[in-house]
$ cat structure.tsv   # TSV, C-alpha atoms
chain	number	residue	atom	x	y	z
A	294	PRO	CA	-2.98	-15.81	1.26
A	295	SER	CA	-0.23	-17.77	2.95
A	296	TYR	CA	0.43	-15.06	5.58
A	297	TRP	CA	-2.88	-15.97	7.29
A	298	PRO	CA	-4.09	-19.23	8.83
A	299	ASP	CA	-6.51	-21.05	6.53
A	300	ASN	CA	-9.68	-21.58	8.56
A	301	GLU	CA	-13.30	-20.49	8.84
A	302	THR	CA	-12.40	-17.13	10.41
A	303	SER	CA	-10.10	-16.06	7.60
A	304	ARG	CA	-12.41	-17.38	4.89
A	305	HIS	CA	-15.43	-15.56	6.32
A	306	ASP	CA	-13.41	-12.33	6.59
A	307	MET	CA	-12.47	-12.62	2.91
A	308	LEU	CA	-16.10	-13.33	1.98
A	309	ASP	CA	-17.23	-10.22	3.87
A	310	TYR	CA	-14.63	-8.23	1.97
A	311	GLY	CA	-15.92	-9.74	-1.27
A	312	ILE	CA	-19.38	-8.39	-0.43
A	313	GLU	CA	-17.87	-4.91	-0.07
A	314	VAL	CA	-16.32	-5.26	-3.52
A	315	GLU	CA	-19.70	-6.36	-4.90
A	316	HIS	CA	-21.25	-3.24	-3.33
A	317	TYR	CA	-18.68	-1.10	-5.17
A	318	ASP	CA	-19.42	-2.91	-8.43
A	319	ILE	CA	-23.17	-2.36	-8.09
A	320	HIS	CA	-22.72	1.39	-7.66
A	321	LEU	CA	-20.28	1.53	-10.57
A	322	GLY	CA	-22.93	-0.19	-12.68
A	323	ARG	CA	-25.48	2.44	-11.66
A	324	ILE	CA	-23.06	5.21	-12.66
A	325	ILE	CA	-22.60	3.62	-16.10
A	326	GLU	CA	-26.37	3.25	-16.54
A	327	MET	CA	-26.91	6.93	-15.71
A	328	LEU	CA	-24.22	8.04	-18.13
A	329	GLU	CA	-25.77	5.90	-20.84
A	330	LYS	CA	-29.25	7.32	-20.23
A	331	THR	CA	-27.92	10.88	-20.50
A	332	GLY	CA	-25.96	10.14	-23.67
A	333	GLN	CA	-22.56	10.77	-22.06
A	334	LEU	CA	-21.21	7.24	-21.74
A	335	GLU	CA	-19.21	7.04	-24.96
A	336	ASN	CA	-17.22	10.19	-24.24
A	337	THR	CA	-16.69	9.72	-20.49
A	338	LEU	CA	-13.37	8.52	-19.17
A	339	ILE	CA	-14.23	6.07	-16.38
A	340	VAL	CA	-11.44	5.05	-14.01
A	341	ALA	CA	-12.09	2.33	-11.44
A	342	THR	CA	-9.32	1.91	-8.88
A	343	SER	CA	-8.67	1.99	-5.13
A	344	ASP	CA	-6.34	3.64	-2.64
A	345	HIS	CA	-4.42	0.69	-1.14
A	346	GLY	CA	-4.82	-2.96	-0.21
A	347	MET	CA	-7.32	-4.84	1.92
A	348	PRO	CA	-7.93	-3.63	5.52
A	349	PHE	CA	-6.35	-6.76	6.99
A	350	PRO	CA	-3.09	-7.73	8.73
A	351	ARG	CA	0.10	-7.54	6.60
A	352	VAL	CA	-1.80	-5.60	3.93
A	353	LYS	CA	-3.31	-2.41	5.37
A	354	GLY	CA	-0.77	0.41	5.41
A	355	GLN	CA	2.13	-1.79	4.29
A	356	ALA	CA	4.23	-2.01	1.11
A	357	TYR	CA	4.02	-5.65	0.06
A	358	LEU	CA	2.53	-6.66	-3.29
A	359	HIS	CA	-1.02	-7.03	-1.98
A	360	SER	CA	-0.71	-3.53	-0.51
A	361	ASN	CA	0.67	-1.66	-3.52
A	362	HIS	CA	-0.74	-3.66	-6.46
A	363	ILE	CA	-4.24	-2.26	-6.78
A	364	PRO	CA	-6.93	-2.62	-9.46
A	365	LEU	CA	-7.09	-0.24	-12.40
A	366	ALA	CA	-9.80	-0.55	-15.06
A	367	MET	CA	-10.44	2.24	-17.57
A	368	ARG	CA	-13.16	2.81	-20.17
A	369	TRP	CA	-13.39	5.62	-22.74
A	370	PRO	CA	-14.66	4.49	-26.16
A	371	LYS	CA	-13.89	7.80	-27.85
A	372	GLY	CA	-10.41	8.10	-26.34
A	373	ILE	CA	-9.03	4.58	-25.88
A	374	ARG	CA	-8.39	2.36	-28.88
A	375	GLY	CA	-9.32	-1.29	-28.85
A	376	GLN	CA	-11.57	-3.25	-26.51
A	377	ASN	CA	-10.98	-5.60	-23.58
A	378	ARG	CA	-7.26	-4.89	-23.56
A	379	VAL	CA	-5.12	-6.03	-20.63
A	380	ILE	CA	-2.05	-3.82	-20.15
A	381	ASP	CA	1.11	-4.95	-18.33
A	382	ASP	CA	2.74	-1.50	-18.12
A	383	PHE	CA	3.40	-0.18	-14.62
A	384	ILE	CA	1.15	2.75	-13.78
A	385	ASN	CA	1.03	4.78	-10.56
A	386	PHE	CA	-1.27	7.46	-9.22
A	387	THR	CA	1.00	10.29	-10.34
A	388	ASP	CA	0.16	9.28	-13.92
A	389	LEU	CA	-3.53	10.10	-13.48
A	390	ALA	CA	-3.20	13.89	-13.22
A	391	PRO	CA	-1.35	14.42	-16.54
A	392	THR	CA	-3.75	11.93	-18.18
A	393	PHE	CA	-6.80	13.91	-17.02
A	394	LEU	CA	-5.19	17.20	-18.04
A	395	GLN	CA	-4.45	15.92	-21.54
A	396	ALA	CA	-7.98	14.53	-21.82
A	397	ALA	CA	-9.22	18.04	-21.04
A	398	GLY	CA	-6.92	19.53	-23.68
A	399	ILE	CA	-4.51	21.05	-21.15
A	400	ILE	CA	-1.00	20.19	-22.30
A	401	ASP	CA	0.96	22.68	-20.20
A	402	PRO	CA	-0.64	23.45	-16.80
A	403	ALA	CA	2.13	25.90	-15.77
A	404	PRO	CA	2.29	28.30	-14.04
A	405	VAL	CA	-0.67	27.25	-11.90
A	406	MET	CA	0.82	23.90	-10.88
A	407	GLN	CA	4.05	22.44	-9.66
A	408	PRO	CA	6.00	20.25	-12.12
A	409	ILE	CA	4.35	16.87	-12.63
A	410	SER	CA	6.45	13.74	-12.24
A	411	GLY	CA	3.80	11.41	-13.65
A	412	ARG	CA	3.35	10.57	-17.31
A	413	SER	CA	0.15	10.78	-19.32
A	414	MET	CA	-1.27	7.41	-20.35
A	415	PHE	CA	-2.27	8.63	-23.80
A	416	ASP	CA	0.53	6.59	-25.37
A	417	ILE	CA	-1.27	3.51	-24.02
A	418	PHE	CA	-4.70	4.84	-25.00
A	419	GLU	CA	-3.61	5.38	-28.59
A	420	SER	CA	-2.19	1.88	-28.99
A	421	ASN	CA	-4.52	-1.00	-29.80
A	422	LEU	CA	-2.23	-3.64	-28.33
A	423	SER	CA	-2.31	-5.60	-25.08
A	424	GLY	CA	0.64	-6.56	-22.89
A	425	GLN	CA	3.65	-4.26	-22.44
A	426	ILE	CA	3.11	-1.11	-24.52
A	427	ASP	CA	5.96	1.10	-23.32
A	428	PRO	CA	9.17	-0.77	-22.33
A	429	GLY	CA	10.08	2.19	-20.11
A	430	ARG	CA	7.09	1.57	-17.83
A	431	ASN	CA	8.83	-1.44	-16.31
A	432	ARG	CA	8.86	-0.50	-12.62
A	433	VAL	CA	7.18	1.58	-9.98
A	434	ILE	CA	8.51	3.18	-6.80
A	435	VAL	CA	6.53	2.47	-3.62
A	436	GLY	CA	6.89	4.04	-0.22
A	437	LYS	CA	5.40	4.97	3.10
A	438	GLU	CA	6.03	7.55	5.78
A	439	ARG	CA	3.20	8.15	8.20
A	440	HIS	CA	-0.08	6.38	7.60
A	441	ASP	CA	-1.77	6.14	10.98
A	442	ILE	CA	-1.20	7.23	14.55
A	443	GLY	CA	-0.27	5.04	17.50
A	444	ARG	CA	3.52	5.31	17.77
A	445	PRO	CA	5.45	7.61	20.13
A	446	ASN	CA	5.59	11.21	18.89
A	447	ASP	CA	3.12	10.30	16.11
A	448	TRP	CA	6.06	8.82	14.22
A	449	GLY	CA	5.51	6.72	11.13
A	450	TYR	CA	7.19	3.67	9.68
A	451	PRO	CA	9.27	4.88	6.71
A	452	ILE	CA	9.65	2.46	3.80
A	453	ARG	CA	10.95	2.84	0.26
A	454	GLY	CA	10.73	0.15	-2.38
A	455	ILE	CA	10.86	-0.71	-6.05
A	456	LEU	CA	8.58	-3.17	-7.81
A	457	THR	CA	9.16	-4.87	-11.15
A	458	LYS	CA	7.35	-7.75	-12.84
A	459	GLU	CA	9.77	-10.16	-11.17
A	460	TRP	CA	10.98	-8.54	-7.93
A	461	LEU	CA	10.02	-6.36	-4.98
A	462	TYR	CA	12.79	-4.71	-2.98
A	463	LEU	CA	11.93	-2.88	0.26
A	464	HIS	CA	14.07	-0.84	2.62
A	465	ASN	CA	12.77	-0.26	6.16
A	466	PHE	CA	14.50	2.79	7.64
A	467	GLU	CA	13.42	2.53	11.30
A	468	THR	CA	13.59	-1.14	12.20
A	469	GLU	CA	13.16	-0.54	15.94
A	470	ARG	CA	9.66	0.80	15.34
A	471	TRP	CA	6.58	-1.40	15.03
A	472	PRO	CA	5.50	-1.61	11.37
A	473	ALA	CA	1.76	-1.81	12.12
A	474	GLY	CA	1.84	0.59	15.08
A	475	ASN	CA	2.68	0.00	18.72
A	476	PRO	CA	1.12	-2.96	20.55
A	477	GLU	CA	0.11	-0.75	23.51
A	478	THR	CA	-2.20	1.27	21.26
A	479	GLY	CA	-3.69	-1.67	19.39
A	480	TYR	CA	-1.56	-1.79	16.23
A	481	LEU	CA	-3.50	1.18	14.87
A	482	ASN	CA	-2.14	0.81	11.35
A	483	CYS	CA	-4.35	-2.26	10.95
A	484	ASP	CA	-8.15	-2.17	11.21
A	485	GLY	CA	-9.90	-4.34	13.74
A	486	SER	CA	-11.32	-7.56	12.27
A	487	PRO	CA	-11.94	-11.20	13.17
A	488	MET	CA	-8.69	-12.01	11.33
A	489	LYS	CA	-6.68	-9.54	13.41
A	490	THR	CA	-8.26	-10.76	16.65
A	491	GLN	CA	-7.52	-14.38	15.75
A	492	ILE	CA	-3.85	-13.72	14.96
A	493	LEU	CA	-3.34	-11.80	18.22
A	494	ASP	CA	-5.17	-14.44	20.28
A	495	MET	CA	-3.23	-17.34	18.76
A	496	ARG	CA	0.04	-15.75	19.82
A	497	ARG	CA	-1.16	-14.82	23.30
A	498	LYS	CA	-2.29	-18.40	23.89
A	499	GLY	CA	1.01	-19.79	22.63
A	500	GLU	CA	-0.67	-21.60	19.74
A	501	ASN	CA	1.18	-19.99	16.84
A	502	GLN	CA	3.50	-17.00	16.53
A	503	THR	CA	4.19	-17.19	12.78
A	504	TRP	CA	1.11	-15.27	11.71
A	505	TRP	CA	1.72	-12.54	14.28
A	506	GLN	CA	5.35	-12.14	13.21
A	507	LEU	CA	4.36	-11.79	9.55
A	508	SER	CA	1.70	-9.20	10.32
A	509	PHE	CA	2.90	-7.25	13.36
A	510	GLY	CA	6.47	-8.21	14.26
A	511	LYS	CA	9.52	-6.03	13.69
A	512	ARG	CA	11.31	-6.35	10.38
A	513	PRO	CA	14.84	-6.29	8.98
A	514	ALA	CA	16.23	-3.30	7.11
A	515	GLU	CA	16.05	-5.07	3.75
A	516	GLU	CA	13.33	-7.26	2.29
A	517	PHE	CA	13.52	-8.84	-1.15
A	518	TYR	CA	10.82	-10.97	-2.74
A	519	GLN	CA	10.45	-12.77	-6.05
A	520	VAL	CA	6.85	-11.70	-6.60
A	521	SER	CA	6.52	-13.73	-9.80
A	522	ARG	CA	6.66	-16.84	-7.57
A	523	ASP	CA	5.84	-15.41	-4.14
A	524	GLU	CA	3.12	-12.80	-4.52
A	525	ASP	CA	2.27	-13.17	-0.81
A	526	CYS	CA	5.81	-11.91	-0.01
A	527	VAL	CA	6.53	-14.40	2.76
A	528	HIS	CA	9.98	-15.64	1.66
A	529	ASN	CA	12.52	-12.87	2.23
A	530	LEU	CA	15.49	-13.41	-0.10
A	531	ALA	CA	17.50	-10.38	1.03
A	532	GLU	CA	20.27	-12.57	2.50
A	533	SER	CA	20.50	-14.92	-0.47
A	534	GLN	CA	24.05	-14.80	-1.81
A	535	ASN	CA	22.94	-15.88	-5.27
A	536	LEU	CA	20.68	-12.84	-5.57
A	537	THR	CA	22.98	-10.16	-4.13
A	538	ASN	CA	23.73	-8.59	-7.52
A	539	THR	CA	20.04	-8.53	-8.50
A	540	LYS	CA	19.05	-7.01	-5.17
A	541	ASN	CA	21.77	-4.36	-5.29
A	542	ARG	CA	20.93	-3.44	-8.87
A	543	LEU	CA	17.29	-2.80	-7.96
A	544	ARG	CA	18.26	-0.95	-4.79
A	545	ASP	CA	20.58	1.35	-6.76
A	546	LEU	CA	17.89	1.96	-9.38
A	547	MET	CA	15.41	2.82	-6.62
A	548	ILE	CA	17.86	5.27	-5.04
A	549	LEU	CA	18.50	6.92	-8.41
A	550	ASP	CA	14.79	7.37	-9.08
A	551	LEU	CA	14.18	8.76	-5.59
A	552	LYS	CA	17.10	11.19	-5.85
A	553	ASN	CA	15.74	12.43	-9.15
A	554	HIS	CA	12.48	13.16	-7.35
A	555	GLY	CA	14.25	14.94	-4.49
A	556	ASP	CA	13.22	12.49	-1.76
A	557	PRO	CA	14.64	13.79	1.56
A	558	ARG	CA	15.30	10.19	2.64
A	559	MET	CA	17.97	9.97	-0.04
A	560	PHE	CA	19.74	13.09	1.24
A	561	ALA	CA	20.03	12.22	4.96
A	562	ASN	CA	17.04	14.42	5.80
A	563	GLY	CA	14.32	11.82	6.22
A	564	GLU	CA	13.63	12.88	9.80
A	565	VAL	CA	11.79	15.90	8.43
A	566	PHE	CA	8.74	13.71	7.84
A	567	ASP	CA	8.47	13.00	11.58
A	568	THR	CA	8.43	16.70	12.39
A	569	TYR	CA	5.24	17.53	10.52
A	570	PRO	CA	2.41	17.98	13.07
A	571	TYR	CA	-0.55	15.60	12.91
A	572	PHE	CA	-3.54	17.71	11.92
A	573	ASP	CA	-6.43	16.03	13.82
A	574	LYS	CA	-6.36	17.29	17.39
A	575	ARG	CA	-8.78	14.56	18.51
A	576	THR	CA	-6.19	11.82	17.97
A	577	ALA	CA	-2.87	13.70	17.79
A	578	HIS	CA	-0.27	12.34	20.24
A	579	PHE	CA	-2.50	9.30	20.67
A	580	PHE	CA	0.29	7.19	22.18
A	581	GLU	CA	1.30	9.68	24.87
A	582	ARG	CA	-2.28	10.54	25.80
A	583	PHE	CA	-3.30	6.88	25.99
A	584	LYS	CA	-0.30	6.02	28.16
A	585	SER	CA	-1.13	8.87	30.52
A	586	GLY	CA	-4.55	7.37	31.18
A	587	GLU	CA	-6.71	9.44	28.86
A	588	LYS	CA	-9.55	7.49	27.28
A	589	MET	CA	-8.79	7.43	23.57
A	590	ASN	CA	-10.94	5.98	20.80
A	591	ALA	CA	-9.43	5.68	17.35
A	592	GLY	CA	-12.64	4.20	16.00
A	593	TRP	CA	-11.21	1.51	13.75
A	594	VAL	CA	-9.68	-1.08	16.12
A	595	ASN	CA	-11.15	-3.36	18.77
A	596	GLN	CA	-10.48	-2.89	22.46
A	597	SER	CA	-9.01	-6.39	22.54
A	598	ASP	CA	-6.32	-5.31	20.03
A	599	PHE	CA	-4.49	-3.35	22.74
A	600	GLU	CA	-1.78	-5.34	24.51
A	601	GLU	CA	1.10	-4.73	26.87
A	602	LEU	CA	4.49	-4.15	25.31
A	603	SER	CA	5.97	-6.93	27.48
A	604	ILE	CA	3.59	-9.39	25.84
A	605	ALA	CA	4.52	-8.31	22.32
A	606	GLU	CA	8.26	-8.41	23.00

$ encode --input "structure.tsv" --output "structure tokens"
Amino acid sequence: PSYWPDNETSRHDMLDYGIEVEHYDIHLGRIIEMLEKTGQLENTLIVATSDHGMPFPRVKGQAYLHSNHIPLAMRWPKGIRGQNRVIDDFINFTDLAPTFLQAAGIIDPAPVMQPISGRSMFDIFESNLSGQIDPGRNRVIVGKERHDIGRPNDWGYPIRGILTKEWLYLHNFETERWPAGNPETGYLNCDGSPMKTQILDMRRKGENQTWWQLSFGKRPAEEFYQVSRDEDCVHNLAESQNLTNTKNRLRDLMILDLKNHGDPRMFANGEVFDTYPYFDKRTAHFFERFKSGEKMNAGWVNQSDFEELSIAE
């Protein structure tokens, strides 16, 4: 991707990640073999997906396309029509619960559950077509509040966004905060890796600041990317006069969707998310405890990731 330097370090990191994906695939194959041996394969709904993007700079814990566009492969010969279909409809995780409930024959889960905002995928299952099945599934809302520790008061980095086939609009609500976590605590929203170490070292040595800015630097309130041409999301078009109407239309559609879901950020009550206590006492208030001299170990970053705020600024 164009937000990293192209060299042996980045290529080896990607190859290591590819081995992890192969490991996943091998175990998925073993699951399918076991289901086949027990005669359950044809009537088992298999869903292969992931939680978020790669554990690398500008991807882990962020909201760009490589963060929020994740794999989804499904197999269920007795429940899904057609074979080897590639679907272009936008699906999100909230759609899985109503799909599983319908597969189990549960149409109305009330009163044991809260209302479900997701939509069952059975309309897609029952079609034998590829491409766009339901014209209404033409966008998805993305967002982030708190993902990892490492900022003062255990604060997060709130983002809301809307993704279509052509565009990604993002709104960053707290632009004075560090998007990947504070430098003093090692940018804890990004796992330690040779890629992360390289990007930090290149900036410290004065060799290149571009990669650091893309991955760890502070961001403007609005970001707007034409993902059909810029899937790496490195060319922010938010200030482009020619695209103002397009950007505003998507922003307004995002706000409407979020209001319909009761998002506190849309009703001037977004600060409520920062008041929820962090549950793990071992790492709660990581920033304050680290700054006071306590030895803290998050477990997923390198000691060399920590740097003085004066260096980062």

$ closest_residue --input "structure.tsv" --among "A:His345, A:His316, A:Arg544, A:Lys511" --to "Pro476 (chain A)" --atoms "all atoms listed in the file"
A:Lys511

$ residues_around --input "structure.tsv" --residues "region 549-559 of chain A" --least-positions-apart "3" --cutoff "10 Å" --atoms "all atoms listed in the file" --output "ChimeraX atom specification"
/A:410,433-434,451-455,466,543-546,562-566

$ atom_distance --input "structure.tsv" --atom1 "CA of Ile380 (chain A)" --atom2 "CA of Gly411 (chain A)"
17.6 Å

$ atom_distance --input "structure.tsv" --atom1 "CA of Pro472 (chain A)" --atom2 "CA of Phe509 (chain A)"
6.5 Å

$ closest_atom_pairs --input "structure.tsv" --of "region 389-471 of chain A" --to "region 352-376 of chain A" --cutoff "7 Å" --atoms "only C-alpha atoms" --output "CSV"
residue,atom,partner,partner_atom,distance
A:Phe418,CA,A:Ile373,CA,4.4
A:Glu419,CA,A:Arg374,CA,5.7
A:Ser420,CA,A:Arg374,CA,6.2
A:Asn421,CA,A:Gly375,CA,4.9
A:Val435,CA,A:Ala356,CA,6.9
A:Gly436,CA,A:Ala356,CA,6.7
A:His440,CA,A:Gly354,CA,6.4

$ closest_residue --input "structure.tsv" --among "A:Asn541, A:Asn465, A:Ser423, A:Ser508" --to "Lys437 (chain A)" --atoms "all atoms listed in the file"
A:Asn465

$ decode --input "structure.tsv" --residues "region 338-349 of chain A" --atoms "all heavy atoms" --output "compact mmCIF listing (two decimals), in the first residue's frame"
# COMPACT_ATOMS: atom_id res chain seq x y z
N LEU A 338 -24.20 -23.52 7.89
CA LEU A 338 -23.89 -22.18 7.41
C LEU A 338 -22.50 -21.80 7.92
O LEU A 338 -22.29 -21.61 9.11
CB LEU A 338 -24.93 -21.17 7.91
CG LEU A 338 -24.65 -19.68 7.68
CD1 LEU A 338 -24.42 -19.38 6.21
CD2 LEU A 338 -25.78 -18.82 8.23
N ILE A 339 -21.55 -21.70 7.00
CA ILE A 339 -20.17 -21.36 7.34
C ILE A 339 -19.93 -19.90 6.97
O ILE A 339 -20.17 -19.50 5.82
CB ILE A 339 -19.18 -22.27 6.60
CG1 ILE A 339 -19.40 -23.73 7.00
CG2 ILE A 339 -17.74 -21.85 6.91
CD1 ILE A 339 -18.54 -24.71 6.21
N VAL A 340 -19.47 -19.12 7.93
CA VAL A 340 -19.17 -17.71 7.70
C VAL A 340 -17.70 -17.48 8.03
O VAL A 340 -17.27 -17.70 9.16
CB VAL A 340 -20.06 -16.80 8.58
CG1 VAL A 340 -19.73 -15.34 8.31
CG2 VAL A 340 -21.53 -17.07 8.33
N ALA A 341 -16.94 -17.05 7.05
CA ALA A 341 -15.52 -16.73 7.26
C ALA A 341 -15.35 -15.22 7.13
O ALA A 341 -15.62 -14.64 6.08
CB ALA A 341 -14.65 -17.45 6.23
N THR A 342 -14.92 -14.59 8.21
CA THR A 342 -14.75 -13.13 8.20
C THR A 342 -13.66 -12.76 9.20
O THR A 342 -12.90 -13.61 9.64
CB THR A 342 -16.09 -12.43 8.51
OG1 THR A 342 -15.94 -11.02 8.37
CG2 THR A 342 -16.60 -12.78 9.90
N SER A 343 -13.55 -11.49 9.54
CA SER A 343 -12.56 -11.05 10.51
C SER A 343 -13.10 -9.84 11.25
O SER A 343 -14.19 -9.35 10.93
CB SER A 343 -11.23 -10.70 9.82
OG SER A 343 -11.39 -9.55 9.01
N ASP A 344 -12.36 -9.36 12.26
CA ASP A 344 -12.89 -8.26 13.06
C ASP A 344 -12.54 -6.90 12.48
O ASP A 344 -13.39 -6.05 12.33
CB ASP A 344 -12.43 -8.37 14.53
CG ASP A 344 -10.93 -8.42 14.68
OD1 ASP A 344 -10.23 -8.51 13.65
OD2 ASP A 344 -10.45 -8.37 15.81
N HIS A 345 -11.29 -6.65 12.12
CA HIS A 345 -10.93 -5.38 11.48
C HIS A 345 -9.67 -5.61 10.68
O HIS A 345 -9.25 -6.74 10.47
CB HIS A 345 -10.75 -4.26 12.50
CG HIS A 345 -9.86 -4.61 13.66
ND1 HIS A 345 -8.55 -4.95 13.51
CD2 HIS A 345 -10.11 -4.70 14.98
CE1 HIS A 345 -8.02 -5.21 14.69
NE2 HIS A 345 -8.94 -5.08 15.60
N GLY A 346 -9.04 -4.55 10.20
CA GLY A 346 -7.93 -4.67 9.27
C GLY A 346 -6.64 -5.17 9.88
O GLY A 346 -6.55 -5.55 11.05
N MET A 347 -5.60 -5.16 9.05
CA MET A 347 -4.29 -5.69 9.42
C MET A 347 -3.72 -4.96 10.64
O MET A 347 -3.99 -3.77 10.84
CB MET A 347 -3.32 -5.53 8.25
CG MET A 347 -3.77 -6.20 6.97
SD MET A 347 -2.61 -5.92 5.59
CE MET A 347 -2.83 -4.15 5.30
N PRO A 348 -2.90 -5.63 11.46
CA PRO A 348 -2.34 -5.01 12.67
C PRO A 348 -1.13 -4.15 12.38
O PRO A 348 -0.08 -4.28 13.02
CB PRO A 348 -1.97 -6.23 13.53
CG PRO A 348 -1.59 -7.27 12.53
CD PRO A 348 -2.51 -7.06 11.36
N PHE A 349 -1.27 -3.23 11.41
CA PHE A 349 -0.16 -2.41 10.97
C PHE A 349 -0.54 -0.93 11.01
O PHE A 349 -1.72 -0.58 11.08
CB PHE A 349 0.25 -2.79 9.54
CG PHE A 349 0.82 -4.17 9.41
CD1 PHE A 349 0.24 -5.09 8.55
CD2 PHE A 349 1.95 -4.56 10.12
CE1 PHE A 349 0.76 -6.35 8.40
CE2 PHE A 349 2.48 -5.83 9.98
CZ PHE A 349 1.88 -6.73 9.12
